[in-house]
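Worksheet: one structure, shown below.
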Amino acid sequence: MPRDTTRRRFLLAAGAGGLTAVAGCGGDSESTNPDTATQDDPETGSGGGSTDEPSDETDDSTEETPVDSDGGTLQMMATGSIQTLDPINAKGSGAGYNQYNQQLMYFPDGHYPPEPALATGYEVSDDGLTYTFDLREDVTFHDGSEFTAHDVVYSYRRLAESPNSRNKDDIIGETLTIDHEKDATLSEPTDEETLEDVVPGSLAVEAVDDYTVEITLASPFEYTLFQIAGGAFAIIPEGSVGDIEGYDGEYDYNEFFSTEGDGPTFAGAGPFQVDSWRKGSQIALSAFEDYYGGEPELDGITYTVVGSGNTRLQRFTNGNADILEDMPTASFNPNNVSIEREAGNRSLGTYALDDGTDVNYGEIPALTTEYIVFNTLEVPLAVRRAFAYAMNQHDIAENVYKGTGKPAYHIVPPAAYPTFEDSQSGEASYDRHAETGYESNTDFAADGYPYGYGETRLADATTVMEQAGYGEDNRYELTATTITGDSGYQQVFTRLQSKLRSVYIDMDIEEAEFGTIISRAISGDMEVFGLGDGMEYPGPQNFLRFLHGQNPSTQFTRWGAEGSYATEEYRQTAREAWDEHYAADGTTREDHNEAFQTVEEMNWASVQELPFLHPISQRFWHDAVDVEMYGVMENQAFDDTTLQR
């Protein structure tokens with residue numbers, strides 16, 4: 001039965017790079033190893049481990065929701081406040097998007113490649129520019145209106161044109177670029193390209209007839225079908241709100257997407273519809289009986305906001321939650337895992353809770369990277385490099401995350417890393433480059449990861465700081481921001497804190513909710529912060545588009561923006577690699593791989609983002625829940641999930 005296609009990662013974490021994109025990616029289809037491309041390569045990231053400490057929220061986020069005695073309502077948990085129902089505005093906050101939304105394409109139970117959802121099929125022109133989708137004629141939105149091609153045009157225009165869109169890069173950015181006209185007078189004067197100058201109505205998405213839609217790209221993009229299966233591409237009824245030219249809107253924005261007046265009056269096309277929601281507390285969904293895939297087995301789903309990882313674990317243990325996604329790192333015991341079978345990249349078995357109860361367990365390596373982001377407008381290169389010298393990724397993976405992840409030295413995850421030999425896996429290429437500088441393109445990376453592979457090098461950190469003029473009488477002070485209650489990131493920063501103190505850096509650590517961190521990253525008022533990012537498609541450009549410095553004022557790192565601590569030589573090297581070997585017409589697979597690796601090496605040189613872990617995604621569920629462990633993309637709707645309690 002068809003499932004919705006919003007990635008969990010889309011909900012829980014944001015890209016290190018873009019103010020206009022939620023996630024990054026790794027592994028071009030040209031460079032993805034066939035072995036990993038046909039398996040469940042992980043995707044989704046997490047906000048960096050799980051939360052163990054009590055939340056400082058003042059709302060009723062930890063209130064107990066009575067378990068439905070008839071077993072009809074699935075009890076789920078959200079880690080942070082549910083900020084919005086608007087798919088184009090969602091950026092690292094929310095719960096249940098993949099239950100009440102639907103796109104043209106979807107990933108069945110999180111497996112790729114994507115398959116038609118609201119579409120019945122598609123054709124691609126020989127030049128790779130035009131995608132023609134045949135649409136289902138039996139789809140009804142939650143408000144009773146019938147789905148047509150005009151809804152697709154409207155929804156895609158909102159993603160590209162609306163001032164409420166925080167994901168414009170996904171549709172008119174550097175990777176997937178639907179053809180459109182630009183007018184510089186529509187945006188603030190700048191020397192950079194902008195995503196704000198789209199001429200209204202110029203987006204090349206056309207309703208050929210009521211059940212045929214045609215999309216024309218500015219240039220071919222091999223992951224188009226993956227991208228439009230993402231949550232930002234969810235379809236809503238035409239004219240629901242009036243935030244783009246040509247539409248007055250049937251409802252006020254907040255009435256449709258929020259709780260103003262009689263709201264939310266939101267209508268999607270997923271298997272469940274929104275009954276009610278409170279940002280800091282709960283969202284309640286009920287089965288949509290007119291869902292085109294057949295009415296769901298469940299009566300409904302309730303997501304309760306529980307900010308504390310310990311509280312989430314307790315609720316799950318006590319039976320007040322049916323599924324637990326990612327156990328708190330401090331509570332997880334690898335010895336309690338019993339793997340009984342493998343299914344592609346998924347490992348399935350049981351886990352023994354501390355009270356002796358055995359629950360179902362599944363894990364899959366995630367196409368995700370956990371990393372530290374530096375605001376280069378604030379933090380000098382010497383300080384950023386001192387962080388890199390002080391970090392030991394192997395120690396973090398083993399002793400903080402208890403082996404539930406791979407030490408990270410690149411932004412692109414191993415399974416999606418570019419390859420340079422026939423039959424070579426992405427992971428093999430990844431490891432050789434990090435350890436020895438295999439196929440390096442710059443002198444900076446000639447010997448591999450320059451800050452110490454599997455070691456801490458505090459003497460080098462001291463040297464780089466002293467050469468920059470720092471010392472006991474001139475110490476550098478900064479504040480690092482981490483996700484509220486996240487024990488993984490908290491431990492990473494705490495371990496760094498003591499080491500950095502010995503190299504003239506005094507770091508305070510503060511906490512903030514994930515949604516707050518994203519908003520502050522957009523405004524640029526943090527110096528250093530922790531994030532995790534998961535792929536929307538398995539191509540390196542998904543992540544690396546944020547790291548070559550083309551539009552620095554729109555990136556979390558601000559690398560290359562006026563006044564930033566950026567080395568122009570590094571930026572030019574990255575820019576030339578991207579423009580000449582990836583973005584230029586006529587480039588080959590080998591060209592792309594060279595560009596990707598060069599951008600990774602320039603991130604080593606510039607330390608915009610400092611990776612430390614590629615995690616394994618975990619799920620725990622009680623016997624009463626009949627649910628399948630998700631696949632690599634982790635997009636899963638619960639339309640065929642059943643309860644027997």
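Residues are referred to by chain and number: the chain letter is A, B, ... according to the order shown in the structure tokens, the number counts from 1 in that chain, and ligands are numbered separately from 1 in the order shown.
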Review point. Can you tell me, as a ChimeraX atom specification, what residues are no more than 9 Å from Phe233 of chain A when counting only C-alpha atoms, ignoring any on the same chain fewer than 3 positions away?
Key: /A:6,87-88,102-104,152,155-156,159,170-171,227-230
task = Name the residues in contact with Tyr470 of chain A at a cut-off of 10 Å, using only C-alpha atoms, excluding same-chain residues fewer than 4 positions from it; report them as JSON, numbers by chain.
result = {"A": [382, 383, 462, 463, 464, 465, 466, 474, 475, 476, 503, 504, 505]}
task: Please report, as a PyMOL selection string, each residue of segment 187-299 of chain A to which DSSP assigns alpha helix (DSSP H) when run on this structure's backbone.
output: chain A and resi 224-227+253-257
Selection file, C-alpha atoms, as a compact mmCIF listing (two decimals), in the first residue's frame:
# COMPACT_ATOMS: atom_id res chain seq x y z
CA THR A 224 15.14 14.63 -9.71
CA LEU A 225 12.76 11.82 -8.73
CA PHE A 226 14.49 11.48 -5.35
CA GLN A 227 14.26 15.19 -4.67
CA TYR A 253 -2.06 31.43 6.33
CA ASN A 254 -2.24 30.82 10.08
CA GLU A 255 -5.79 29.53 9.86
CA PHE A 256 -4.75 26.87 7.36
CA PHE A 257 -1.43 25.84 8.88
Spatial neighbours of Arg158 of chain A, max dist 8 Å, only C-alpha atoms, sep filter under 5 positions, as a PyMOL selection string
chain A and resi 88+165+243-244
Suppose we keep C-alpha atoms; can you now write the selection as an mmCIF file, in the first residue's frame?
data_model
loop_
_atom_site.group_PDB
_atom_site.id
_atom_site.type_symbol
_atom_site.label_atom_id
_atom_site.label_comp_id
_atom_site.auth_asym_id
_atom_site.auth_seq_id
_atom_site.Cartn_x
_atom_site.Cartn_y
_atom_site.Cartn_z
ATOM 1 C CA ILE A 88 7.661 24.429 2.440
ATOM 2 C CA SER A 165 9.424 28.893 1.871
ATOM 3 C CA ASP A 243 1.158 33.760 -0.346
ATOM 4 C CA ILE A 244 2.069 33.748 -4.059
#
Worksheet item: So how many Å separate atom CA of Gly96 of chain A and atom CA of Glu511 of chain A, to one decimal?
Response: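 These atoms are spaced 24.9 Å apart.
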Coordinates-based distance that separates atom CA of Ala416 of chain A from atom CA of Phe514 of chain A (Å, one decimal):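 Going from atom CA of Phe514 of chain A over to atom CA of Ala416 of chain A covers 26.1 Å.
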* Can you list, as a PyMOL selection string, every protein, DNA or RNA residue that comes within 9 Å of segment 577-582 of chain A when you count only C-alpha atoms, leaving out same-chain residues fewer than 2 positions away? -> chain A and resi 541+545+548+572-575+584-585+587-596+598-599
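Residue nearest Arg619 of chain A within the list A:Ala287, A:Met327, A:Ile178, A:Leu313: A:Met327 [criterion: smallest interatomic distance, only C-alpha atoms].
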